[in-house]
Amino acid sequence: MQKLINNPADAVLECLQGYELAYPHLIRVHYDPHFVYRIDAPVQGKVSIISGSGSGHEPLNIGYVGRGMLDAACPGAIFTSPTPDQYLAALKKVYGGVGALYVVKNYTGGVLNTELAMEMAAEEGFQVASVLVNDDVAVEEKANRRGMGAAVLVEKIAGAAAEQGRDLDSIVQVARRASAQTRSMGVALSSCTSPSVGRPTFYLPESQMEVGVGIHGEPGRRREPLVHAAEVVNIVAQPIIEDLELKAGDMVLAMVSGLGSTPQQELFIVFRYLHQLLTQLGVRVERQLVGNYITSLDMAGCLITLLRLDPELLELWDAPVRTPALCW
Amino acid sequence: MQKLINNPADAVLECLQGYELAYPHLIRVHYDPHFVYRIDAPVQGKVSIISGSGSGHEPLNIGYVGRGMLDAACPGAIFTSPTPDQYLAALKKVYGGVGALYVVKNYTGGVLNTELAMEMAAEEGFQVASVLVNDDVAVEEKANRRGMGAAVLVEKIAGAAAEQGRDLDSIVQVARRASAQTRSMGVALSSCTSPSVGRPTFYLPESQMEVGVGIHGEPGRRREPLVHAAEVVNIVAQPIIEDLELKAGDMVLAMVSGLGSTPQQELFIVFRYLHQLLTQLGVRVERQLVGNYITSLDMAGCLITLLRLDPELLELWDAPVRTPALCW
Amino acid sequence: MSQEITLAQLRRWLLAFTDRIIQQELYLTELDAAIGDADHGTNMRRGMDKVRQRITDENAPCPDVSTLFRTVAMTLISSVGGAAGPLYGAFFLRAARGTNNGAKSITLLQLAQMFRHGLEGVQQRGKAQLDEKTMIDTIYPAVEALEQAAQAGKSVADALALAREAAEAGMKHTIVLQASKGRASYLGPRSIGHQDPGATSAYYLFETAAETLGQEQA
Amino acid sequence: MSQEITLAQLRRWLLAFTDRIIQQELYLTELDAAIGDADHGTNMRRGMDKVRQRITDENAPCPDVSTLFRTVAMTLISSVGGAAGPLYGAFFLRAARGTNNGAKSITLLQLAQMFRHGLEGVQQRGKAQLDEKTMIDTIYPAVEALEQAAQAGKSVADALALAREAAEAGMKHTIVLQASKGRASYLGPRSIGHQDPGATSAYYLFETAAETLGQEQA
Ligand SMILES: Nc1ncnc2c1ncn2[C@@H]1O[C@H](COP(=O)(O)OP(=O)(O)O)[C@@H](O)[C@H]1O
Ligand SMILES: Nc1ncnc2c1ncn2[C@@H]1O[C@H](COP(=O)(O)OP(=O)(O)O)[C@@H](O)[C@H]1O
Ligand SMILES: [Mg+2]
Ligand SMILES: [Mg+2]
Ligand SMILES: [Mg+2]
Ligand SMILES: [Mg+2]
C-alpha cells in the first residue's frame with residue numbers, strides 16, 4: 001500500500017494531531033471523543049454551526065473550522081459517520097447559548113448518528129436544528145440522494161449567517177435554501193484505497209471512468225469509456241443543470257473539487273470547460289472554487305457542484321472566512 | 001492515460017484559461033507569450049517579483065501571483081522552463097520603475113533562460129537582479145542542487161519585502177538569506193505521468209519509495225523499501241537537519257508539500273512526525289505549511305522543506321498575502 | 001417446560017458474537033467493498049472490541065439482562081459509527097426494554113419478544129422494510145421464526161436453530177436484491193449479485209445464538 | 001578545390017534536421033524519461049516545428065547564412081525552453097557570428113569555424129566540458145573531426161562523414177558516463193547506462209549534415 005502512514009488504525013488520530021500542530025492560530029482538537037473546534041469557542045451569543053463526517057474527505061470537515069464557517073467538526077473513522085457522543089461533546093464545547101445547527105450529509109450513518117445526538121442534546125436542554133445536504137443528482141430518488149459538494153457551500157453560508165448574529169430559525173432558513181439550490185455529480189478515474197482495507201475498493205480499468213460516483217469509494221452509477229475532459233464536463237454537468245432547472249439569466253457558484261489525487265492542472269481544465277458550458281447557456285458564473293475541497297482519500301477524478309445564487313446567498317458567500325481551507 | 005484533459009498539447013493553455021476564470025479578482029493572464037500577472041500590475045514604485053517555472057507544479061508558480069508575493073509568473077511547457085521572451089514580456093507588464101527580482105530555481109533551463117532574459121532586460125534599461133533557489137540536499141554538490149520548496153518561501157519573503165517598499169538591493173539581500181537558510185528533500189511513492197508522454201516517467205514497484213526525488217518526475221537518488229511514515233520522516237528530514245546544521249534553540253518554518261496525488265490525511269501525518277522530530281531536537285517549529293504547495297503532476301509522495309527563521313524573515317513571512325494559493 | 005436462559009449464558013452468547021464478528025472482519029470488509037465503502041468490517045470490529053472489553057470488565061459487571069443489552073447498545077452507538085452503529089444500537093436498546101428490570105434470566109418467549117422489540121427499533125430508526133437489501137432481511141425472518149417456534153413450545157435449541165436457518169436464508173436472499181436503502185442503493189442495479197454486509201453481520205447474531213444459547217441448558 | 005556550401009543547401013540541411021528531430025520525438029522522450037523529466041522530445045519537436053515554419057516562410061526568407069542561423073537561434077530560444085532551448089540557441093547564434101554578414105555561401109573551413117563558434121557558445125552558456133554526459137560529448141568530437149578534415153583539405157562529403165562518425169561515437173559514449181551537468185546529474189551513478197537525450201538530438205545535427213550537405217555539390 002503506497003501510503004505515508006503508520007498503523008492504519010492510527011491514521012485519523014495522527015492526522016488530527018498534525019492538524020492541531022499546523023493550525024494553532026485557528027483551531028484546537030479534543031480527543032476521545034474526537035472533535036475539532038475553533039480556537040475562540042464558545043462564541044457567546046452566536047449560533048453554533050457543527051458538522052461531522054467520516055475522515056478521508058479532507059479538508060472536509062476539519063479544514064472548515066474557524067471564523068465564518070464551522071464552530072466544530074466531528075471526524076469519524078475513515079468513511080464512517082462519527083458517533084453521537086462526538087456530536088454532543090462538540091456541541092457542549094462550542095455552544096454560545098443561542099442554539100446550534102448541525103449540517104448533515106444525507107447518508108444513513110450521518111442522519112442516524114446526528115439524530116441520536118440531537119435527541120440527547122434536546123434532552124439536556126440545548127436548542128438544536130439541522131439542515132440536510134442531499135445534492136447528488138446521480139441518485140434518482142431525491143430522498144436518498146447523497147450529500148456531497150453542497151456540504152462545503154452550506155457550511156460556509158450557515159457560518160456566515162451565524163457570524164452576522166442571526167438567530168437559529170433565520171440560519172436554518174437560509175441554509176436550507178442553499179442546500180435546496182445545490183446539485184452535484186462526481187466522476188472517478190480511479191478508485192481509492194482505505195488504509196484499513198489495503199487495496200482499492202473497486203478496480204477501474206485504464207480508459208474507463210465511473211460516472212455518478214460518491215466520495216466514499218463506492219462504485220458509481222455506471223462505467224463508461226473515459227473521454228476528453230470537455231466531454232466529461234458535458235456528461236457530468238448536464239444532469240446537474242437539468243435537475244436544478246438552470247436557465248439563462250441564473251447566477252451560480254460553481255465548485256470543481258478534486259477527489260484527492262487529481263493534479264490541479266486538470267481541475268482548472270475541467271473548470272475552464274464548465275465555465276464555457278454554463279456561459280453558453282446564459283448562466284453567469286458569479287463565484288467559483290477550484291481545488292481539493294471535498295475528497296475521497298486518493299481517488300482520481302472530480303466533483304462538480306452548482307449552487308444557484310441569489311443576492312443573500314452571494315452576500316453570505318462573500319463574508320469573511322478564516323479556516324485552514326478557506327480564507328478570504 | 002487516466003487524466004481529465006483534452007489534447008495534451010493544450011493542457012497548459014487550458015489550465016491558464018481556467019485559472020483566469022477562477023481568480024478574476026486576483027490575476028490576469030497574458031497569452032503568447034504566456035504569463036500570469038497580478039490584477040493591479042504595474043504597482044508603481046514597488047520592486048517587481050517575478051518567477052518562472054515549467055507547468056505541472058501548480059500552484060507553483062501561477063498560484064502565487066498577487067499582493068504580497070509574485071507580480072508575475074511565467075509558465076513553461078510541462079516540466080520545461082519558460083523562455084526569455086516570457087520573462088521579458090512579464091517584466092514589461094509589471095515593472096513599477098524601481099527594479100525587478102527574478103526568483104530562479106536552480107535547473108540548467110531555469111538559470112539559462114532567466115540569464116538570457118536578464119541580459120535582454122538590461123539592454124533595454126531595466127534594473128534586474130536574481131535570487132537562486134537551490135535547496136535540495138539530495139544532490140551533494142551544492143552548486144548543482146535543485147531548486148524546490150524554497151521557491152515558495154523565497155517568493156513569499158521577497159514579495160513581502162517588496163510590498164514594504166524596500167529597494168532592490170535590500171530585497172535581494174533578504175531573499176538570498178532566506179534561500180541560503182532553506183533545505184529540502186523529497187520522497188516519492190509513485191512516478192508521475194506527463195500528458196505528452198502518456199505513461200509514468202519511471203516505474204516504482206509496490207512497497208518501494210524513491211528517496212531524494214525531484215519535482216520533474218525524474219528518478220531520485222536511491223530506491224528503498226517503503227517504511228512507516230514516522231521512519232520516512234526520519235530518513236527525509238535528517239539530511240536536511242544536518243546540512244542546515246539545525247540545532248537546539250533554532251526557529252524554523254516547516255513545509256510539507258504533497259507532490260500532487262497524496263491525500264491531505266497523509267500530509268498531516270507526516271507533519272505530525274516532523275514536528276515531533278524537530279521538537280525533540282529542541283528546534284521550535286514557529287510556522288508551517290502543510291498541503292499541496294509545489295507538486296509534480298500526479299506524483300505520490302511529499303517534499304519536506306525547512307527554513308531557519310530569524311525575526312526579519314518571520315515578519316516577512318507573516319505579512320499579508322492574497323494569491324490563489326496563499327491567503328492571510 | 002419453560003427453559004430459562006440465564007444472564008451468564010446471554011453474556012457468553014454476546015461474547016461469541018463479538019468473536020465471530022472479529023473473526024469475520026475481512027469478509028465483512030470485502031462485502032462492503034463490493035457495494036459500499038469497505039468499512040463495515042472495521043467498524044463492527046472496533047465496536048465488538050469495545051463490547052468485549054466492556055462486558056468482561058470485572059469491576060463493572062452488568063447485574064441483569066436489561067443492563068447487559070443496554071450496555072451493549074450504548075457501547076456500539078459510541079464506537080461503531082456509520083449506519084451500523086445506530087442501527088445495532090437501536091436493536092439492543094429496544095431489546096433491553098423487552099425485559100423486566102432486574103431480571104437475571106429470561107424465557108425463550110421473552111427472548112423472542114426482546115428480539116421483536118429490537119427489530120422494531122431497527123425499523124423505526126432505519127425505516128427499512130423487507131427486501132430492501134439490509135440487515136432487516138436477516139433479522140425479520142429470524143425473529144418471525146423464533147417467535148413461531150417459541151409460541152409452538154419448541155425447545156431453546158430447536159427454536160434458535162430454526163431462527164438461524166431463517167436468518168441464513170434471509171442473508172443469502174439479499175444477493176439477488178437491488179438495494180433501496182443504505183449505501184448500496186446508490187449503485188442501483190449494480191448492487192444486485194452481492195450479499196449485503198449488514199445482513200451478514202446480523203446473521204452472525206443468530207448463528208452464534210444457536211451455537212451457544214442453543215447448546216446449553218439452564 | 002574549395003567547395004562552396006550554399007545558403008539553399010544549408011537551408012535544406014536544417015529542414016532535414018527539423019524532420020529528423022520530429023521523427024525521433026518519441027525516442028528522445030524515452031531517453032529523457034530514463035534520466036530526466038521526459039520532455040526533451042516534446043520541447044525539441046515544438047522548436048523544430050517553429051523553425052520549419054519560420055525558414056519555409058516565403059514572405060520572409062533569410063537572405064544570407066548569418067541571418068539563417070540567427071533566425072534558427074532566436075526561434076529555438078523562444079520556443080524550446082528548458083535546458084536545450086538556450087543551449088541550441090547559443091550554438092546557432094554563435095555559429096551565425098562565424099560568418100561574414102551577407103554571405104550567401106560558405107566554404108567547408110568556414111562551416112567548421114562556425115561550428116567551433118557554436119560549440120564555444122554552448123560551453124560558455126552551459127559550462128560543460130567533455131565527459132559530463134551532455135550534448136558537448138557529441139558536438140565537441142564532431143567539431144574537432146570537421147576542423148581536422150577541413151584543414152586536411154578533405155571534400156565536404158568526406159569531412160562531414162568523419163564528423164558524423166565522431167558525433168555518433170560521442171553520443172554512444174555518453175551511455176557509460178555519469179552525468180555531472182543537467183538533470184541527469186541529479187541521479188548520480190544511476191545515470192550510467194543510459195544515452196543522453198541532448199547528445200542524441202545533437203547527433204542528428206551532424207547525421208543530417210552528412211546526409212544532405214555531404215551529398216550535394218555547389
Ligand atoms: N436504513 C437501513 N436500515 C437497516 N439497515 C441498514 C440501513 N442502511 C444501511 N443498513 C445496513 O448497514 C450496512 C452498512 O453498514 P456500514 O458499512 O457499517 O455503514 P455505512 O453504509 O455508513 O458505511 C448495510 O449493509 C445495511 O445492512
Ligand atoms: N550545462 C549543460 N551543457 C550542455 N548541455 C546540457 C547542459 N545541461 C543539460 N544539457 C543537455 O540538455 C539535455 C536535456 O534537455 P531538456 O530535457 O530539453 O532540458 P531539461 O533538462 O531542462 O528538461 C541533456 O540531455 C543534455 O544533453
Ligand atoms: Mg461508512
Ligand atoms: Mg524539462
Ligand atoms: Mg460501509
Ligand atoms: Mg528534460
# chains A, B, ... in the order shown; residues from 1 in each chain; ligands from 1

$ residues_near_ligand --ligand "ligand 2" --cutoff "8 Å" --atoms "only C-alpha atoms and all ligand atoms" --output "JSON, numbers by chain"
{"B": [79, 80, 81, 107, 108, 109, 110], "D": [32, 36, 37, 38, 39, 40, 41, 43, 44, 80, 81, 82, 83, 84, 85, 87, 122, 123, 125, 126, 127, 128, 129, 133, 134, 135, 136, 181, 182, 183, 184, 196, 197, 198, 199, 200]}

$ residues_around --residues "range 311-314 of chain A" --least-positions-apart "6" --cutoff "10 Å" --atoms "only C-alpha atoms" --output "compact mmCIF listing (two decimals) with N, CA and C atoms, in the first residue's frame"
# COMPACT_ATOMS: atom_id res chain seq x y z
N LEU A 153 -20.58 24.33 0.68
CA LEU A 153 -21.26 25.60 0.43
C LEU A 153 -22.22 25.94 1.57
N VAL A 154 -22.99 24.96 2.02
CA VAL A 154 -23.95 25.20 3.09
C VAL A 154 -23.23 25.56 4.39
N LYS A 156 -20.40 27.09 4.67
CA LYS A 156 -19.92 28.46 4.55
C LYS A 156 -21.06 29.45 4.75
N ILE A 157 -22.16 29.18 4.10
CA ILE A 157 -23.30 30.11 4.16
C ILE A 157 -23.91 30.15 5.55
N ALA A 158 -24.07 28.99 6.15
CA ALA A 158 -24.59 28.95 7.51
C ALA A 158 -23.61 29.65 8.48
N ALA A 160 -21.52 32.02 7.81
CA ALA A 160 -21.57 33.48 7.63
C ALA A 160 -22.82 34.05 8.28
N ALA A 161 -23.92 33.36 8.12
CA ALA A 161 -25.17 33.84 8.71
C ALA A 161 -25.05 33.87 10.23
N VAL A 174 -31.96 30.02 5.62
CA VAL A 174 -31.05 30.33 4.52
C VAL A 174 -30.17 29.11 4.19
N ALA A 175 -29.85 28.31 5.21
CA ALA A 175 -29.05 27.12 4.95
C ALA A 175 -29.83 26.11 4.13
N ARG A 177 -32.21 26.80 2.10
CA ARG A 177 -32.36 27.29 0.73
C ARG A 177 -31.08 27.01 -0.05
N ALA A 178 -29.95 27.27 0.57
CA ALA A 178 -28.67 26.98 -0.10
C ALA A 178 -28.59 25.50 -0.47
N MET A 251 -27.67 32.88 -11.88
CA MET A 251 -26.34 33.19 -11.37
C MET A 251 -25.92 32.00 -10.50
N VAL A 252 -24.73 31.45 -10.74
CA VAL A 252 -24.31 30.30 -9.94
C VAL A 252 -22.97 30.48 -9.28
N LEU A 253 -22.79 29.69 -8.25
CA LEU A 253 -21.48 29.43 -7.64
C LEU A 253 -21.11 28.04 -8.12
N GLU A 286 -20.87 33.43 -11.14
CA GLU A 286 -20.57 34.60 -10.33
C GLU A 286 -19.40 34.35 -9.38
N ARG A 287 -19.32 33.13 -8.82
CA ARG A 287 -18.24 32.76 -7.92
C ARG A 287 -17.84 31.33 -8.22

$ select_by_dssp --residues "range 135-248 of chain A" --states "helix (DSSP H, G or I)" --output "PyMOL selection string"
chain A and resi 142-144+150-163+168-180+229-244

$ atom_distance --atom1 "CA of Leu70 in chain A" --atom2 "CA of Glu155 in chain A"
6.6 Å

$ atom_distance --atom1 "CA of Gln208 in chain A" --atom2 "CA of Gly258 in chain A"
17.6 Å

$ residues_around --residues "Cys192 in chain A" --least-positions-apart "5" --cutoff "8 Å" --atoms "only C-alpha atoms" --output "compact mmCIF listing (two decimals) with C-alpha atoms, in the first residue's frame"
# COMPACT_ATOMS: atom_id res chain seq x y z
CA ARG A 199 -6.40 -2.19 -1.67
CA PRO A 200 -8.67 -0.15 -3.95
CA THR A 201 -12.34 -0.52 -3.10
CA PHE A 202 -13.09 -1.33 -6.73
CA GLY A 217 -15.01 4.85 -2.67
CA SER A 296 -12.17 10.68 -1.18
CA LEU A 297 -8.66 9.76 0.02
CA ASP A 298 -6.58 9.10 -3.12
CA MET A 299 -9.36 8.85 -5.66
CA ALA A 300 -8.69 10.39 -9.08

$ closest_atom_pairs --of "chain A" --to "chain C" --cutoff "10 Å" --atoms "only C-alpha atoms" --output "CSV"
residue,atom,partner,partner_atom,distance
A:Ala9,CA,C:Thr42,CA,9.3
A:Pro33,CA,C:Ser78,CA,9.0
A:Ser53,CA,C:Gly82,CA,9.6
A:Gly54,CA,C:Gly82,CA,8.1
A:Gly76,CA,C:Gly81,CA,7.2
A:Ala77,CA,C:Gly81,CA,7.8
A:Ile78,CA,C:Asp39,CA,7.6
A:Phe79,CA,C:Asp37,CA,6.8
A:Thr80,CA,C:Gly82,CA,4.7
A:Ser81,CA,C:Gly82,CA,4.4
A:Pro82,CA,C:Gly81,CA,5.3
A:Thr83,CA,C:Gly81,CA,5.1
A:Pro84,CA,C:Ser78,CA,6.6
A:Asp85,CA,C:Ser78,CA,6.2
A:Gln86,CA,C:Ser78,CA,8.2
A:Tyr107,CA,C:Gly182,CA,7.2
A:Thr108,CA,C:Ala83,CA,5.2
A:Gly109,CA,C:Ala83,CA,3.7
A:Gly110,CA,C:Gly82,CA,6.7
A:Val111,CA,C:Ala83,CA,8.6
A:Leu112,CA,C:Pro86,CA,6.2
A:Asn113,CA,C:Pro86,CA,6.2
A:Thr114,CA,C:Pro86,CA,9.8
A:Glu115,CA,C:Arg125,CA,9.3
A:Leu116,CA,C:Pro86,CA,7.8
A:Asp136,CA,C:Tyr186,CA,9.9
A:Ala138,CA,C:Tyr186,CA,7.9
A:Val139,CA,C:Tyr186,CA,6.0
A:Glu140,CA,C:Tyr186,CA,8.9
A:Glu141,CA,C:Ser180,CA,9.5
A:Asn144,CA,C:Lys181,CA,7.8
A:Arg145,CA,C:Tyr186,CA,8.0
A:Arg146,CA,C:Tyr186,CA,8.0
A:Cys192,CA,C:Asp37,CA,9.7
A:Thr193,CA,C:Ala38,CA,9.5
A:Ser194,CA,C:Ala38,CA,7.9
A:Ser196,CA,C:Thr42,CA,7.3
A:Val197,CA,C:Ala38,CA,7.0
A:Arg199,CA,C:Ala33,CA,9.9
A:Pro200,CA,C:Ala33,CA,8.7
A:Thr201,CA,C:Ala33,CA,5.2
A:Phe202,CA,C:Ala34,CA,7.0
A:Gly212,CA,C:Tyr186,CA,8.9
A:Val213,CA,C:Tyr186,CA,8.7
A:Gly214,CA,C:Tyr186,CA,8.4
A:Ile215,CA,C:Asp37,CA,9.0
A:His216,CA,C:Asp37,CA,5.3
A:Gly217,CA,C:Asp37,CA,5.4
A:Glu218,CA,C:Gly36,CA,4.9
A:Pro219,CA,C:Leu187,CA,6.7
A:Gly220,CA,C:Leu187,CA,6.0
A:Arg221,CA,C:Leu187,CA,5.3
A:Arg222,CA,C:Leu187,CA,8.2

$ select_by_dssp --residues "range 13-170 of chain B" --states "strand (DSSP E or B)" --output "PyMOL selection string"
chain B and resi 27-30+35-38+48-55+65+67+70+72-78+100-105+128-133+136

$ write_last_selection --atoms "N, CA, C and O atoms" --output "compact mmCIF listing (two decimals), in the first residue's frame"
# COMPACT_ATOMS: atom_id res chain seq x y z
N ILE B 27 -5.92 37.87 -10.47
CA ILE B 27 -4.93 37.78 -11.55
C ILE B 27 -5.52 38.00 -12.93
O ILE B 27 -6.72 37.96 -13.11
N ARG B 28 -4.60 38.21 -13.87
CA ARG B 28 -4.92 38.20 -15.29
C ARG B 28 -3.90 37.31 -15.99
O ARG B 28 -2.80 37.11 -15.46
N VAL B 29 -4.27 36.84 -17.16
CA VAL B 29 -3.35 36.01 -17.93
C VAL B 29 -3.08 36.67 -19.27
O VAL B 29 -4.00 37.12 -19.94
N HIS B 30 -1.79 36.73 -19.61
CA HIS B 30 -1.40 37.17 -20.96
C HIS B 30 -0.98 35.94 -21.73
O HIS B 30 -0.27 35.08 -21.22
N PHE B 35 2.10 34.53 -19.57
CA PHE B 35 2.45 34.85 -18.20
C PHE B 35 1.19 35.28 -17.44
O PHE B 35 0.22 35.74 -18.03
N VAL B 36 1.24 35.09 -16.13
CA VAL B 36 0.14 35.45 -15.24
C VAL B 36 0.60 36.63 -14.41
O VAL B 36 1.72 36.63 -13.90
N TYR B 37 -0.22 37.64 -14.28
CA TYR B 37 0.20 38.83 -13.53
C TYR B 37 -0.89 39.29 -12.60
O TYR B 37 -2.08 39.01 -12.80
N ARG B 38 -0.48 40.01 -11.57
CA ARG B 38 -1.46 40.46 -10.58
C ARG B 38 -2.35 41.53 -11.20
O ARG B 38 -1.91 42.33 -12.02
N SER B 48 9.34 44.70 -8.61
CA SER B 48 8.55 43.58 -9.11
C SER B 48 9.24 42.26 -8.76
O SER B 48 10.45 42.14 -8.87
N ILE B 49 8.44 41.31 -8.34
CA ILE B 49 8.96 39.97 -8.08
C ILE B 49 8.37 39.04 -9.14
O ILE B 49 7.16 38.95 -9.29
N ILE B 50 9.26 38.42 -9.88
CA ILE B 50 8.83 37.58 -11.00
C ILE B 50 9.48 36.20 -10.87
O ILE B 50 10.63 36.08 -10.45
N SER B 51 8.73 35.18 -11.20
CA SER B 51 9.34 33.86 -11.26
C SER B 51 8.76 33.07 -12.42
O SER B 51 7.67 33.38 -12.91
N GLY B 52 9.48 32.10 -12.86
CA GLY B 52 9.01 31.23 -13.93
C GLY B 52 9.22 29.80 -13.53
O GLY B 52 10.02 29.49 -12.65
N SER B 53 8.48 28.94 -14.16
CA SER B 53 8.58 27.53 -13.83
C SER B 53 7.96 26.75 -14.97
O SER B 53 7.08 27.25 -15.67
N GLY B 54 8.41 25.51 -15.14
CA GLY B 54 7.65 24.65 -16.02
C GLY B 54 6.25 24.49 -15.41
O GLY B 54 6.05 24.74 -14.23
N SER B 55 5.29 24.12 -16.23
CA SER B 55 3.97 23.80 -15.70
C SER B 55 4.02 22.42 -15.07
O SER B 55 4.98 21.67 -15.24
N VAL B 65 0.68 34.36 -7.59
CA VAL B 65 0.65 35.72 -8.13
C VAL B 65 -0.40 36.52 -7.38
O VAL B 65 -1.55 36.09 -7.23
N ARG B 67 -1.01 40.12 -4.45
CA ARG B 67 -0.44 41.05 -3.48
C ARG B 67 0.36 40.29 -2.44
O ARG B 67 -0.08 39.30 -1.88
N LEU B 70 4.12 37.21 -5.82
CA LEU B 70 4.65 37.48 -7.16
C LEU B 70 3.82 38.53 -7.91
O LEU B 70 2.59 38.52 -7.84
N ALA B 72 4.35 38.57 -11.18
CA ALA B 72 4.08 37.78 -12.39
C ALA B 72 4.74 36.42 -12.29
O ALA B 72 5.78 36.26 -11.66
N ALA B 73 4.11 35.46 -12.93
CA ALA B 73 4.67 34.12 -13.03
C ALA B 73 4.61 33.68 -14.48
O ALA B 73 3.59 33.88 -15.15
N CYS B 74 5.71 33.09 -14.97
CA CYS B 74 5.77 32.64 -16.35
C CYS B 74 5.70 31.12 -16.38
O CYS B 74 6.59 30.45 -15.86
N PRO B 75 4.65 30.54 -16.97
CA PRO B 75 4.51 29.09 -17.03
C PRO B 75 5.05 28.53 -18.34
O PRO B 75 4.63 28.94 -19.42
N GLY B 76 6.00 27.62 -18.23
CA GLY B 76 6.52 26.98 -19.42
C GLY B 76 5.68 25.77 -19.79
O GLY B 76 4.65 25.50 -19.17
N ALA B 77 6.14 25.04 -20.79
CA ALA B 77 5.50 23.76 -21.10
C ALA B 77 5.70 22.87 -19.87
O ALA B 77 6.43 23.20 -18.96
N ILE B 78 5.06 21.72 -19.86
CA ILE B 78 5.13 20.89 -18.67
C ILE B 78 6.57 20.47 -18.39
O ILE B 78 7.25 19.92 -19.26
N ALA B 100 13.44 44.91 -10.61
CA ALA B 100 12.73 43.64 -10.58
C ALA B 100 13.65 42.53 -10.10
O ALA B 100 14.85 42.54 -10.39
N LEU B 101 13.08 41.61 -9.35
CA LEU B 101 13.83 40.45 -8.85
C LEU B 101 13.25 39.20 -9.47
O LEU B 101 12.05 38.94 -9.36
N TYR B 102 14.12 38.43 -10.12
CA TYR B 102 13.71 37.13 -10.63
C TYR B 102 14.09 36.07 -9.61
O TYR B 102 15.23 36.01 -9.16
N VAL B 103 13.11 35.24 -9.26
CA VAL B 103 13.39 34.10 -8.38
C VAL B 103 13.61 32.90 -9.29
O VAL B 103 12.71 32.49 -10.03
N VAL B 104 14.82 32.37 -9.26
CA VAL B 104 15.25 31.35 -10.22
C VAL B 104 15.51 30.02 -9.52
O VAL B 104 16.34 29.94 -8.63
N LYS B 105 14.83 29.00 -9.95
CA LYS B 105 15.12 27.67 -9.40
C LYS B 105 16.33 27.11 -10.14
O LYS B 105 16.47 27.24 -11.35
N VAL B 128 17.51 44.83 -13.09
CA VAL B 128 17.09 43.47 -12.70
C VAL B 128 18.14 42.77 -11.87
O VAL B 128 19.34 43.01 -12.03
N ALA B 129 17.67 41.93 -10.99
CA ALA B 129 18.54 41.09 -10.18
C ALA B 129 17.88 39.72 -10.06
O ALA B 129 16.73 39.55 -10.47
N SER B 130 18.62 38.77 -9.53
CA SER B 130 18.03 37.44 -9.38
C SER B 130 18.45 36.82 -8.06
O SER B 130 19.46 37.20 -7.46
N VAL B 131 17.64 35.90 -7.59
CA VAL B 131 18.00 35.11 -6.41
C VAL B 131 17.85 33.65 -6.81
O VAL B 131 16.85 33.25 -7.42
N LEU B 132 18.86 32.87 -6.50
CA LEU B 132 18.89 31.46 -6.88
C LEU B 132 18.34 30.61 -5.76
O LEU B 132 18.67 30.81 -4.59
N VAL B 133 17.48 29.68 -6.13
CA VAL B 133 16.91 28.75 -5.17
C VAL B 133 17.52 27.38 -5.44
O VAL B 133 17.35 26.83 -6.52
N ASP B 136 17.81 21.73 -2.53
CA ASP B 136 17.70 20.27 -2.49
C ASP B 136 18.94 19.60 -1.92
O ASP B 136 20.02 19.65 -2.53

$ atom_distance --atom1 "CA of Leu213 in chain C" --atom2 "CA of Tyr140 in chain C"
19.5 Å

$ interface_residues --of "chain B" --to "chain A" --cutoff "6 Å" --atoms "only C-alpha atoms" --output "PyMOL selection string"
chain B and resi 2+4-6+14-15+18+189+228-229+260-261+263+265-266+268-269+271-272+297-298

$ decode --residues "range 157-183 of chain D" --atoms "C-alpha atoms" --output "PDB file, in the first residue's frame"
ATOM      1  CA  ALA D 157      31.280  14.813 -48.182  1.00  0.00           C
ATOM      2  CA  ASP D 158      34.285  13.148 -46.568  1.00  0.00           C
ATOM      3  CA  ALA D 159      34.657  15.761 -43.891  1.00  0.00           C
ATOM      4  CA  LEU D 160      31.024  15.606 -42.869  1.00  0.00           C
ATOM      5  CA  ALA D 161      31.123  11.819 -42.874  1.00  0.00           C
ATOM      6  CA  LEU D 162      34.037  11.942 -40.459  1.00  0.00           C
ATOM      7  CA  ALA D 163      32.217  14.490 -38.326  1.00  0.00           C
ATOM      8  CA  ARG D 164      29.171  12.287 -38.272  1.00  0.00           C
ATOM      9  CA  GLU D 165      31.228   9.279 -37.227  1.00  0.00           C
ATOM     10  CA  ALA D 166      32.775  11.240 -34.387  1.00  0.00           C
ATOM     11  CA  ALA D 167      29.394  12.547 -33.357  1.00  0.00           C
ATOM     12  CA  GLU D 168      27.939   9.075 -33.281  1.00  0.00           C
ATOM     13  CA  ALA D 169      30.812   7.745 -31.222  1.00  0.00           C
ATOM     14  CA  GLY D 170      30.478  10.659 -28.830  1.00  0.00           C
ATOM     15  CA  MET D 171      26.757  10.168 -28.475  1.00  0.00           C
ATOM     16  CA  LYS D 172      27.162   6.477 -27.738  1.00  0.00           C
ATOM     17  CA  HIS D 173      29.966   7.165 -25.329  1.00  0.00           C
ATOM     18  CA  THR D 174      27.542   9.082 -23.133  1.00  0.00           C
ATOM     19  CA  ILE D 175      25.992   5.757 -22.200  1.00  0.00           C
ATOM     20  CA  VAL D 176      28.820   4.835 -19.882  1.00  0.00           C
ATOM     21  CA  LEU D 177      29.216   8.277 -18.363  1.00  0.00           C
ATOM     22  CA  GLN D 178      27.875   9.518 -15.051  1.00  0.00           C
ATOM     23  CA  ALA D 179      26.242  12.893 -15.605  1.00  0.00           C
ATOM     24  CA  SER D 180      27.699  15.892 -13.846  1.00  0.00           C
ATOM     25  CA  LYS D 181      25.668  18.537 -15.634  1.00  0.00           C
ATOM     26  CA  GLY D 182      21.992  18.884 -16.295  1.00  0.00           C
ATOM     27  CA  ARG D 183      19.067  16.969 -14.953  1.00  0.00           C
TER      28      ARG D 183
END
